[in-house]
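See below for final09.csv, which holds CSV, C-alpha atoms.
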chain,number,residue,atom,x,y,z
A,26,MET,CA,9.4,6.5,16.3
A,27,THR,CA,7.1,6.4,13.3
A,28,GLU,CA,4.5,3.7,14.1
A,29,LEU,CA,5.0,0.9,11.5
A,30,SER,CA,2.1,-1.1,10.2
A,31,PHE,CA,2.5,-4.5,8.4
A,32,GLN,CA,0.9,-5.5,5.1
A,33,LEU,CA,-0.3,-9.0,5.6
A,34,TYR,CA,0.2,-9.8,2.0
A,35,SER,CA,3.8,-10.2,2.9
A,36,ALA,CA,2.8,-13.1,5.2
A,37,ARG,CA,0.4,-14.8,2.7
A,38,ASN,CA,2.6,-18.0,2.8
A,39,VAL,CA,3.0,-18.4,6.5
A,40,PRO,CA,1.8,-21.8,7.9
A,41,SER,CA,-0.5,-20.1,10.5
A,42,LEU,CA,-1.8,-16.6,10.3
A,43,PRO,CA,-2.9,-16.6,14.0
A,44,ASP,CA,0.6,-17.6,15.1
A,45,PHE,CA,2.1,-14.9,12.8
A,46,LEU,CA,-0.2,-12.2,14.2
A,47,ALA,CA,1.0,-13.2,17.7
A,48,LYS,CA,4.6,-12.8,16.5
A,49,LEU,CA,3.9,-9.4,15.1
A,50,SER,CA,2.5,-8.3,18.4
A,51,SER,CA,5.5,-9.6,20.3
A,52,LEU,CA,7.8,-7.6,17.9
A,53,GLY,CA,6.0,-4.4,18.8
A,54,TYR,CA,3.6,-4.0,15.9
A,55,THR,CA,0.2,-2.6,16.8
A,56,GLN,CA,-1.3,-2.2,13.2
A,57,VAL,CA,-1.6,-4.3,10.1
A,58,GLU,CA,-3.0,-3.7,6.7
A,59,GLY,CA,-5.4,-6.2,5.1
A,60,TYR,CA,-5.8,-7.4,1.5
A,61,GLY,CA,-8.6,-9.0,-0.5
A,62,GLY,CA,-7.8,-12.6,0.2
A,63,LEU,CA,-8.2,-12.3,3.9
A,64,TYR,CA,-11.8,-11.0,4.1
A,65,ALA,CA,-13.9,-14.2,3.7
A,66,ASP,CA,-14.1,-14.5,7.5
A,67,ALA,CA,-13.8,-10.9,8.5
A,68,ALA,CA,-15.3,-11.6,11.9
A,69,GLY,CA,-12.8,-14.3,12.6
A,70,LEU,CA,-10.0,-12.1,11.5
A,71,ALA,CA,-11.2,-9.3,13.7
A,72,ALA,CA,-11.2,-11.6,16.7
A,73,GLU,CA,-7.6,-12.7,16.0
A,74,LEU,CA,-6.5,-9.1,15.7
A,75,GLN,CA,-8.2,-8.1,19.0
A,76,LYS,CA,-6.7,-11.1,20.7
A,77,ASN,CA,-3.2,-9.9,19.7
A,78,GLY,CA,-3.7,-6.2,20.4
A,79,LEU,CA,-3.6,-5.3,16.7
A,80,THR,CA,-5.8,-3.0,14.7
A,81,MET,CA,-6.4,-2.8,10.9
A,82,PRO,CA,-6.8,0.9,10.0
A,83,THR,CA,-6.1,0.4,6.3
A,84,GLY,CA,-7.1,-2.3,3.8
A,85,HIS,CA,-6.6,-3.2,0.2
A,86,PHE,CA,-9.7,-4.0,-1.9
A,87,GLY,CA,-9.3,-5.0,-5.5
A,88,PRO,CA,-11.4,-3.2,-8.3
A,89,ALA,CA,-14.2,-5.8,-8.2
A,90,GLN,CA,-14.4,-5.6,-4.4
A,91,VAL,CA,-14.4,-1.8,-4.5
A,92,GLN,CA,-17.4,-2.0,-6.8
A,93,ASP,CA,-19.2,-4.4,-4.5
A,94,VAL,CA,-20.0,-1.6,-2.1
A,95,GLU,CA,-22.2,-3.4,0.3
A,96,THR,CA,-19.8,-6.2,1.0
A,97,THR,CA,-16.8,-3.8,1.3
A,98,LEU,CA,-18.6,-1.6,3.7
A,99,LYS,CA,-19.5,-4.5,5.9
A,100,THR,CA,-15.9,-5.8,5.8
A,101,ALA,CA,-14.5,-2.4,6.7
A,102,GLU,CA,-16.9,-2.0,9.5
A,103,THR,CA,-16.2,-5.4,10.9
A,104,LEU,CA,-12.4,-5.0,10.8
A,105,GLY,CA,-12.3,-1.3,11.9
A,106,ILE,CA,-10.8,-0.2,8.6
A,107,LYS,CA,-10.7,3.6,8.2
A,108,ARG,CA,-9.1,3.9,4.8
A,109,ILE,CA,-9.8,1.7,1.7
A,110,TYR,CA,-7.1,1.5,-1.0
A,111,CYS,CA,-7.6,-0.1,-4.4
A,112,PRO,CA,-4.2,-1.8,-5.0
A,113,HIS,CA,-3.8,-3.0,-8.5
A,114,ILE,CA,-5.1,-3.4,-12.0
A,115,GLY,CA,-4.2,-6.3,-14.2
A,116,PRO,CA,-2.7,-6.0,-17.7
A,117,GLU,CA,-6.2,-6.3,-19.2
A,118,GLY,CA,-7.1,-3.0,-17.5
A,119,ARG,CA,-4.2,-1.1,-18.8
A,120,SER,CA,-3.5,0.6,-22.2
A,121,GLU,CA,-0.7,2.3,-24.0
A,122,ASP,CA,-3.0,5.3,-24.6
A,123,GLU,CA,-5.1,7.0,-22.0
A,124,SER,CA,-8.3,5.1,-22.6
A,125,LYS,CA,-8.3,2.3,-20.0
A,126,TRP,CA,-6.6,4.5,-17.5
A,127,LEU,CA,-9.4,7.1,-17.9
A,128,GLU,CA,-11.9,4.3,-17.3
A,129,LEU,CA,-10.1,3.2,-14.2
A,130,ALA,CA,-9.8,6.8,-12.9
A,131,GLU,CA,-13.5,7.4,-13.5
A,132,MET,CA,-14.4,4.3,-11.6
A,133,LEU,CA,-12.1,5.3,-8.7
A,134,ALA,CA,-13.6,8.8,-8.7
A,135,LYS,CA,-17.1,7.4,-8.4
A,136,ALA,CA,-16.1,4.9,-5.7
A,137,GLY,CA,-14.3,7.7,-3.8
A,138,GLU,CA,-17.6,9.7,-3.7
A,139,THR,CA,-19.4,6.6,-2.4
A,140,TYR,CA,-17.0,5.7,0.3
A,141,THR,CA,-16.3,9.2,1.4
A,142,LYS,CA,-20.0,9.7,2.0
A,143,GLU,CA,-19.9,6.7,4.3
A,144,GLY,CA,-17.0,8.1,6.3
A,145,TYR,CA,-14.1,6.3,4.8
A,146,GLY,CA,-10.9,7.5,3.2
A,147,PHE,CA,-10.5,6.1,-0.3
A,148,GLY,CA,-7.6,6.0,-2.7
A,149,TRP,CA,-5.2,4.2,-5.1
A,150,HIS,CA,-2.1,2.2,-4.4
A,151,ASN,CA,0.6,2.3,-7.1
A,152,HIS,CA,3.0,-0.2,-8.7
A,153,ASP,CA,5.6,0.7,-11.3
A,154,PHE,CA,3.5,0.6,-14.4
A,155,GLU,CA,1.7,3.9,-13.5
A,156,PHE,CA,5.0,5.8,-14.1
A,157,LYS,CA,5.4,4.7,-17.8
A,158,ALA,CA,4.1,7.5,-20.0
A,159,THR,CA,1.1,6.8,-22.2
A,160,THR,CA,1.1,7.8,-25.9
A,161,SER,CA,-0.2,11.2,-24.8
A,162,GLY,CA,2.9,11.8,-22.7
A,163,ARG,CA,0.9,11.7,-19.4
A,164,THR,CA,1.6,8.9,-17.0
A,165,PRO,CA,-1.2,6.7,-15.7
A,166,MET,CA,-0.5,8.1,-12.2
A,167,GLU,CA,-1.1,11.6,-13.4
A,168,ILE,CA,-4.3,10.5,-15.2
A,169,ILE,CA,-5.6,8.8,-12.1
A,170,LEU,CA,-4.9,11.7,-9.7
A,171,GLU,CA,-6.1,14.4,-12.1
A,172,THR,CA,-9.2,12.6,-13.3
A,173,ALA,CA,-10.2,11.6,-9.8
A,174,PRO,CA,-9.1,14.8,-7.9
A,175,SER,CA,-10.7,13.8,-4.6
A,176,ILE,CA,-9.2,10.4,-4.1
A,177,GLU,CA,-6.2,9.7,-1.9
A,178,TRP,CA,-3.0,8.0,-2.7
A,179,GLU,CA,-1.1,5.3,-0.8
A,180,ALA,CA,2.3,5.8,-2.3
A,181,ASP,CA,4.4,2.6,-2.6
A,182,VAL,CA,7.8,4.3,-2.5
A,183,ALA,CA,9.9,1.3,-3.8
A,184,TRP,CA,7.5,0.7,-6.7
A,185,ILE,CA,7.9,4.4,-7.7
A,186,ALA,CA,11.6,3.9,-7.7
A,187,ARG,CA,11.3,0.8,-9.8
A,188,GLY,CA,9.2,2.8,-12.2
A,189,ASN,CA,12.3,4.9,-12.8
A,190,ALA,CA,10.7,7.9,-11.1
A,191,ASP,CA,11.8,10.0,-8.2
A,192,PRO,CA,9.6,9.4,-5.1
A,193,VAL,CA,10.5,12.8,-3.6
A,194,ALA,CA,9.5,14.7,-6.7
A,195,TRP,CA,6.1,12.9,-6.6
A,196,PHE,CA,5.8,13.8,-2.9
A,197,GLU,CA,6.4,17.4,-3.7
A,198,LYS,CA,3.8,17.5,-6.5
A,199,TYR,CA,1.0,15.3,-4.9
A,200,GLY,CA,2.0,15.2,-1.2
A,201,ASP,CA,-1.4,16.6,-0.1
A,202,ARG,CA,-3.0,13.5,-1.6
A,203,ILE,CA,-0.7,10.9,0.0
A,204,THR,CA,-2.4,9.6,3.2
A,205,ALA,CA,-0.3,6.4,3.6
A,206,VAL,CA,2.9,5.0,2.2
A,207,HIS,CA,4.3,1.6,1.7
A,208,VAL,CA,7.7,1.3,3.4
A,209,LYS,CA,9.5,-1.2,1.1
A,210,ASP,CA,13.1,-1.7,0.1
A,211,ILE,CA,15.0,-2.8,-3.0
A,212,ALA,CA,17.9,-5.3,-2.9
A,213,PRO,CA,21.2,-4.3,-4.5
A,214,ALA,CA,21.4,-5.2,-8.2
A,215,GLY,CA,21.8,-8.9,-8.8
A,216,GLU,CA,20.9,-9.9,-5.2
A,217,ALA,CA,17.8,-11.6,-3.8
A,218,ALA,CA,16.6,-13.0,-7.1
A,219,ASP,CA,14.5,-15.5,-5.2
A,220,GLU,CA,12.7,-12.6,-3.5
A,221,ASP,CA,12.1,-10.7,-6.8
A,222,GLY,CA,14.9,-8.3,-5.9
A,223,TRP,CA,13.1,-6.9,-2.8
A,224,ALA,CA,14.8,-6.4,0.5
A,225,ASP,CA,13.8,-6.0,4.2
A,226,VAL,CA,13.4,-2.4,5.2
A,227,GLY,CA,16.8,-0.9,6.0
A,228,GLN,CA,18.7,-3.7,4.3
A,229,GLY,CA,18.4,-2.4,0.7
A,230,VAL,CA,19.4,0.5,-1.5
A,231,LEU,CA,16.7,3.0,-0.5
A,232,ASN,CA,17.8,5.4,2.2
A,233,TRP,CA,14.8,5.1,4.4
A,234,ASP,CA,16.4,7.1,7.2
A,235,ASP,CA,16.2,10.1,4.9
A,236,LEU,CA,13.1,9.1,3.0
A,237,ILE,CA,10.9,8.8,6.1
A,238,THR,CA,11.7,12.5,6.9
A,239,LYS,CA,10.8,13.4,3.4
A,240,VAL,CA,7.5,11.6,3.7
A,241,GLN,CA,6.7,13.3,7.0
A,242,SER,CA,7.6,16.8,5.8
A,243,LYS,CA,6.1,16.6,2.3
A,244,THR,CA,3.0,14.4,2.5
A,245,LYS,CA,0.0,13.9,4.7
A,246,ALA,CA,0.7,10.3,5.3
A,247,GLN,CA,-0.8,8.9,8.6
A,248,TYR,CA,0.1,5.3,8.0
A,249,PHE,CA,3.5,3.7,7.3
A,250,VAL,CA,3.1,0.2,6.1
A,251,ALA,CA,6.0,-2.3,5.8
A,252,GLU,CA,5.7,-4.6,2.8
A,253,HIS,CA,7.8,-7.1,1.0
A,254,ASP,CA,6.2,-8.6,-2.1
A,255,LYS,CA,8.0,-12.0,-1.8
A,256,PRO,CA,9.9,-12.6,1.4
A,257,SER,CA,11.4,-16.0,1.8
A,258,ASP,CA,11.0,-15.5,5.6
A,259,ALA,CA,8.2,-13.3,6.7
A,260,VAL,CA,9.3,-13.3,10.4
A,261,ARG,CA,12.8,-12.1,9.3
A,262,PHE,CA,11.2,-9.4,7.2
A,263,ALA,CA,8.9,-8.3,10.1
A,264,THR,CA,11.7,-8.3,12.6
A,265,ARG,CA,14.3,-6.4,10.6
A,266,SER,CA,11.8,-3.9,9.4
A,267,ILE,CA,10.5,-2.8,12.8
A,268,ALA,CA,14.1,-2.7,14.1
A,269,ALA,CA,14.9,-0.2,11.3
A,270,ALA,CA,11.8,1.9,12.0
A,271,LYS,CA,12.7,2.2,15.7
A,272,ASN,CA,15.7,4.2,14.7
A,273,TRP,CA,13.6,6.8,12.8
A,274,LYS,CA,13.0,10.1,14.5
Give the structure from the file, written as C-alpha cells.
Amino acid sequence: MTELSFQLYSARNVPSLPDFLAKLSSLGYTQVEGYGGLYADAAGLAAELQKNGLTMPTGHFGPAQVQDVETTLKTAETLGIKRIYCPHIGPEGRSEDESKWLELAEMLAKAGETYTKEGYGFGWHNHDFEFKATTSGRTPMEIILETAPSIEWEADVAWIARGNADPVAWFEKYGDRITAVHVKDIAPAGEAADEDGWADVGQGVLNWDDLITKVQSKTKAQYFVAEHDKPSDAVRFATRSIAAAKNWK
C-alpha cells in the first residue's frame, strides 16, 4: 500500500483538531501535511502529533511565510517538516502576460536556494490557473519550473485536471521534479455542488487505481497527500480515502 498522508486544510472546520488527529490515527494514518494557519503554536501541534503517533513530513507555507525565513525554519524544525511547499498565489500575484509569474518564479528560486542550504526540500504546489497559457503561449507552470530549475513540485493531480491539462503528460515531462502529489478526486459533473465539485478519493471521476501507478512509475514522489478542498464531513473524507488507498499496490 502507498502510505497516505492527510492535508489538514481538509479538516480546518472540525470542532476539535486534537480529536480529529486521534481519529486519523485510529483510521491508520501515520502522516499529515500542515498549512499556514496551523503554525501559531507549533510546539503544541507537535505535541498533539506525537501523542497520536503522527508525523508531519511536509508542510504548506504561503509566499509571505516563505519569505520569513527565520520563522519558517523554526516552525519546520519544531514540527519535523522535511519538505516545504509554497501552495498558492492570489489573483493580485498573477498576470495574463509572463511578468508576475516571472517575479513569483524568481522568488521561489531564491527561496529554494535558502531552504536547500538548510537541508529542506522546497517547491511549489499548483492549482488550475497555472495551466492557462499566458500571452506568450507559455503556461505559468512552465514559467515557474523553468525559471526556478532547482525547485521541486508537489503536483495536485485533480487541479491539473481541472486546468484542462493531462496529469500524465505533465508527469512525463517534469516527473523528476515531482516529490509529492496531492491525491484528490473530482465529483461527476453536476454533483457535490456544496463541496465545490470535489469528491472523496476513489468516489469521483479520476481513476486513482491507475493514476497511482503512473505517479509511482513516472515521478519521484515520496509523499501522497489526500486532500479535499471543501468536505462537508472531514471524517467521511478521511475514512473513504484511506480505504481506497489500501487497495493500491
Long-range neighbours of range 217-226 of chain A as an MDAnalysis selection string, 12 Å cut-off, only C-alpha atoms, 6 positions minimum in chain: chainID A and resid 29 31 35 182:184 186:187 207:211 232:234 236:237 249:273
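Our summary of the geometry notes that CA of Leu129 in chain A is positioned 23.2 Å from CA of Tyr34 in chain A.
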Within 6 Å of (-5.8, 8.5, -18.8), only C-alpha atoms: residues as a short mmCIF file (atom, residue, chain, number, x, y, z; two decimals) with C-alpha atoms, keeping the file's coordinate frame?
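Writing the result to part09.cif gives the following:
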data_model
loop_
_atom_site.label_atom_id
_atom_site.label_comp_id
_atom_site.auth_asym_id
_atom_site.auth_seq_id
_atom_site.Cartn_x
_atom_site.Cartn_y
_atom_site.Cartn_z
CA GLU A 123 -5.10 7.00 -22.00
CA SER A 124 -8.30 5.10 -22.60
CA TRP A 126 -6.60 4.50 -17.50
CA LEU A 127 -9.40 7.10 -17.90
CA PRO A 165 -1.20 6.70 -15.70
CA ILE A 168 -4.30 10.50 -15.20
#
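Going from CA of Phe147 in chain A to CA of Lys107 in chain A covers 8.9 Å.
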Minimum-distance residue to Glu138 in chain A, chosen among A:Leu70, A:Val206, A:Val94, A:Leu63 (using all atoms listed in the file):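 Among A:Leu70, A:Val206, A:Val94, A:Leu63, it is A:Val94 that comes nearest to Glu138 in chain A.
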Surrounding residues of range 112-120 of chain A excluding itself and chain neighbours under 4 positions, 6 Å, only C-alpha atoms, as a PyMOL selection string: chain A and resi 85+125+150
Best match for closeness to Glu95 in chain A among A:Tyr60, A:Tyr110, A:Tyr140, A:Phe156, counting only C-alpha atoms: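 Using only C-alpha atoms, the shortest distance to Glu95 in chain A belongs to A:Tyr140.
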Atomic separation - CA of Thr55 in chain A relative to CA of Ala101 in chain A, Å: 17.8 Å
Pick from A:Glu58, A:Glu28, A:Asp122, A:Glu102 nearest to Arg163 in chain A, counting only C-alpha atoms: A:Asp122
Option closest in space to Asp93 in chain A, from A:Glu121, A:Thr139, A:Val193, A:Gln75 [counting all atoms listed in the file]: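 When distances to Asp93 in chain A are compared using all atoms listed in the file, the smallest one comes from A:Thr139.
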Nearest to Lys99 in chain A, chosen from A:Lys243, A:Lys76, A:Ala212, A:Tyr64, with all atoms listed in the file counted in the distances: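 Among the listed residues, the smallest separation from Lys99 in chain A belongs to A:Tyr64.
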Shell of 9 Å around Gln90 in chain A, all atoms listed in the file, local chain residues under 6 positions omitted, as a ChimeraX atom specification: /A:61,96-97,111
Using only C-alpha atoms: which of A:Ala246, A:Met166, A:Ala71, A:Val230 has the shortest distance to Pro43 in chain A: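 Closest residue, counting only C-alpha atoms: A:Ala71.
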Per-axis box centre and lengths in Å around range 88-95 of chain A, 6 Å margin per side, axis-aligned, as JSON:
{"center_x": -16.8, "center_y": -3.7, "center_z": -4.0, "size_x": 22.8, "size_y": 16.2, "size_z": 20.6}
Within-12 Å shell of (7.4, 15.9, -3.9) in input frame, only C-alpha atoms, as JSON, numbers by chain: {"A": [180, 182, 190, 191, 192, 193, 194, 195, 196, 197, 198, 199, 200, 201, 202, 203, 236, 239, 240, 241, 242, 243, 244, 245]}
Generate the missing atoms of range 215-226 of chain A up to all heavy atoms and report them as an mmCIF file, in the coordinates of the input.
data_model
loop_
_atom_site.group_PDB
_atom_site.id
_atom_site.type_symbol
_atom_site.label_atom_id
_atom_site.label_comp_id
_atom_site.auth_asym_id
_atom_site.auth_seq_id
_atom_site.Cartn_x
_atom_site.Cartn_y
_atom_site.Cartn_z
ATOM 1 N N GLY A 215 21.295 -7.526 -8.696
ATOM 2 C CA GLY A 215 21.800 -8.900 -8.800
ATOM 3 C C GLY A 215 21.601 -9.725 -7.546
ATOM 4 O O GLY A 215 21.906 -10.924 -7.560
ATOM 5 N N GLU A 216 21.099 -9.134 -6.474
ATOM 6 C CA GLU A 216 20.900 -9.900 -5.200
ATOM 7 C C GLU A 216 19.400 -10.189 -5.022
ATOM 8 O O GLU A 216 18.529 -9.571 -5.616
ATOM 9 C CB GLU A 216 21.424 -9.082 -4.034
ATOM 10 C CG GLU A 216 22.917 -8.876 -4.064
ATOM 11 C CD GLU A 216 23.449 -8.183 -2.821
ATOM 12 O OE1 GLU A 216 22.709 -8.109 -1.804
ATOM 13 O OE2 GLU A 216 24.593 -7.704 -2.856
ATOM 14 N N ALA A 217 19.146 -11.176 -4.170
ATOM 15 C CA ALA A 217 17.800 -11.600 -3.800
ATOM 16 C C ALA A 217 16.884 -11.893 -4.938
ATOM 17 O O ALA A 217 15.705 -11.544 -4.963
ATOM 18 C CB ALA A 217 17.150 -10.451 -2.900
ATOM 19 N N ALA A 218 17.444 -12.599 -5.910
ATOM 20 C CA ALA A 218 16.600 -13.000 -7.100
ATOM 21 C C ALA A 218 15.456 -13.843 -6.672
ATOM 22 O O ALA A 218 14.375 -13.764 -7.280
ATOM 23 C CB ALA A 218 17.511 -13.715 -8.094
ATOM 24 N N ASP A 219 15.627 -14.682 -5.642
ATOM 25 C CA ASP A 219 14.500 -15.500 -5.200
ATOM 26 C C ASP A 219 13.435 -14.747 -4.494
ATOM 27 O O ASP A 219 12.340 -15.266 -4.267
ATOM 28 C CB ASP A 219 15.074 -16.613 -4.226
ATOM 29 C CG ASP A 219 15.678 -16.022 -2.969
ATOM 30 O OD1 ASP A 219 16.357 -14.979 -3.057
ATOM 31 O OD2 ASP A 219 15.470 -16.597 -1.880
ATOM 32 N N GLU A 220 13.714 -13.485 -4.162
ATOM 33 C CA GLU A 220 12.700 -12.600 -3.500
ATOM 34 C C GLU A 220 12.345 -11.465 -4.468
ATOM 35 O O GLU A 220 11.928 -10.400 -4.027
ATOM 36 C CB GLU A 220 13.251 -12.089 -2.196
ATOM 37 C CG GLU A 220 13.503 -13.198 -1.176
ATOM 38 C CD GLU A 220 13.833 -12.665 0.209
ATOM 39 O OE1 GLU A 220 14.738 -11.807 0.323
ATOM 40 O OE2 GLU A 220 13.185 -13.100 1.169
ATOM 41 N N ASP A 221 12.476 -11.717 -5.759
ATOM 42 C CA ASP A 221 12.100 -10.700 -6.800
ATOM 43 C C ASP A 221 12.878 -9.417 -6.653
ATOM 44 O O ASP A 221 12.382 -8.358 -7.080
ATOM 45 C CB ASP A 221 10.626 -10.508 -6.855
ATOM 46 C CG ASP A 221 9.878 -11.691 -7.449
ATOM 47 O OD1 ASP A 221 10.536 -12.619 -7.962
ATOM 48 O OD2 ASP A 221 8.626 -11.706 -7.378
ATOM 49 N N GLY A 222 14.058 -9.469 -6.014
ATOM 50 C CA GLY A 222 14.900 -8.300 -5.900
ATOM 51 C C GLY A 222 14.446 -7.303 -4.821
ATOM 52 O O GLY A 222 14.949 -6.175 -4.751
ATOM 53 N N TRP A 223 13.549 -7.729 -3.937
ATOM 54 C CA TRP A 223 13.100 -6.900 -2.800
ATOM 55 C C TRP A 223 14.035 -7.153 -1.616
ATOM 56 O O TRP A 223 14.707 -8.186 -1.542
ATOM 57 C CB TRP A 223 11.682 -7.133 -2.440
ATOM 58 C CG TRP A 223 10.701 -6.886 -3.543
ATOM 59 C CD1 TRP A 223 9.959 -7.808 -4.211
ATOM 60 C CD2 TRP A 223 10.366 -5.623 -4.122
ATOM 61 N NE1 TRP A 223 9.183 -7.203 -5.170
ATOM 62 C CE2 TRP A 223 9.416 -5.860 -5.137
ATOM 63 C CE3 TRP A 223 10.778 -4.307 -3.881
ATOM 64 C CZ2 TRP A 223 8.862 -4.836 -5.905
ATOM 65 C CZ3 TRP A 223 10.228 -3.285 -4.658
ATOM 66 C CH2 TRP A 223 9.283 -3.552 -5.659
ATOM 67 N N ALA A 224 14.014 -6.242 -0.657
ATOM 68 C CA ALA A 224 14.800 -6.400 0.500
ATOM 69 C C ALA A 224 14.007 -6.031 1.772
ATOM 70 O O ALA A 224 12.966 -5.359 1.677
ATOM 71 C CB ALA A 224 16.051 -5.468 0.477
ATOM 72 N N ASP A 225 14.452 -6.481 2.936
ATOM 73 C CA ASP A 225 13.800 -6.000 4.200
ATOM 74 C C ASP A 225 14.126 -4.557 4.364
ATOM 75 O O ASP A 225 15.156 -4.040 3.910
ATOM 76 C CB ASP A 225 14.421 -6.830 5.368
ATOM 77 C CG ASP A 225 14.192 -8.338 5.227
ATOM 78 O OD1 ASP A 225 13.254 -8.737 4.511
ATOM 79 O OD2 ASP A 225 14.965 -9.108 5.839
ATOM 80 N N VAL A 226 13.230 -3.864 5.030
ATOM 81 C CA VAL A 226 13.400 -2.400 5.200
ATOM 82 C C VAL A 226 14.702 -2.151 5.970
ATOM 83 O O VAL A 226 14.987 -2.757 7.005
ATOM 84 C CB VAL A 226 12.201 -1.841 5.997
ATOM 85 C CG1 VAL A 226 12.401 -0.340 6.227
ATOM 86 C CG2 VAL A 226 10.896 -2.094 5.245
#
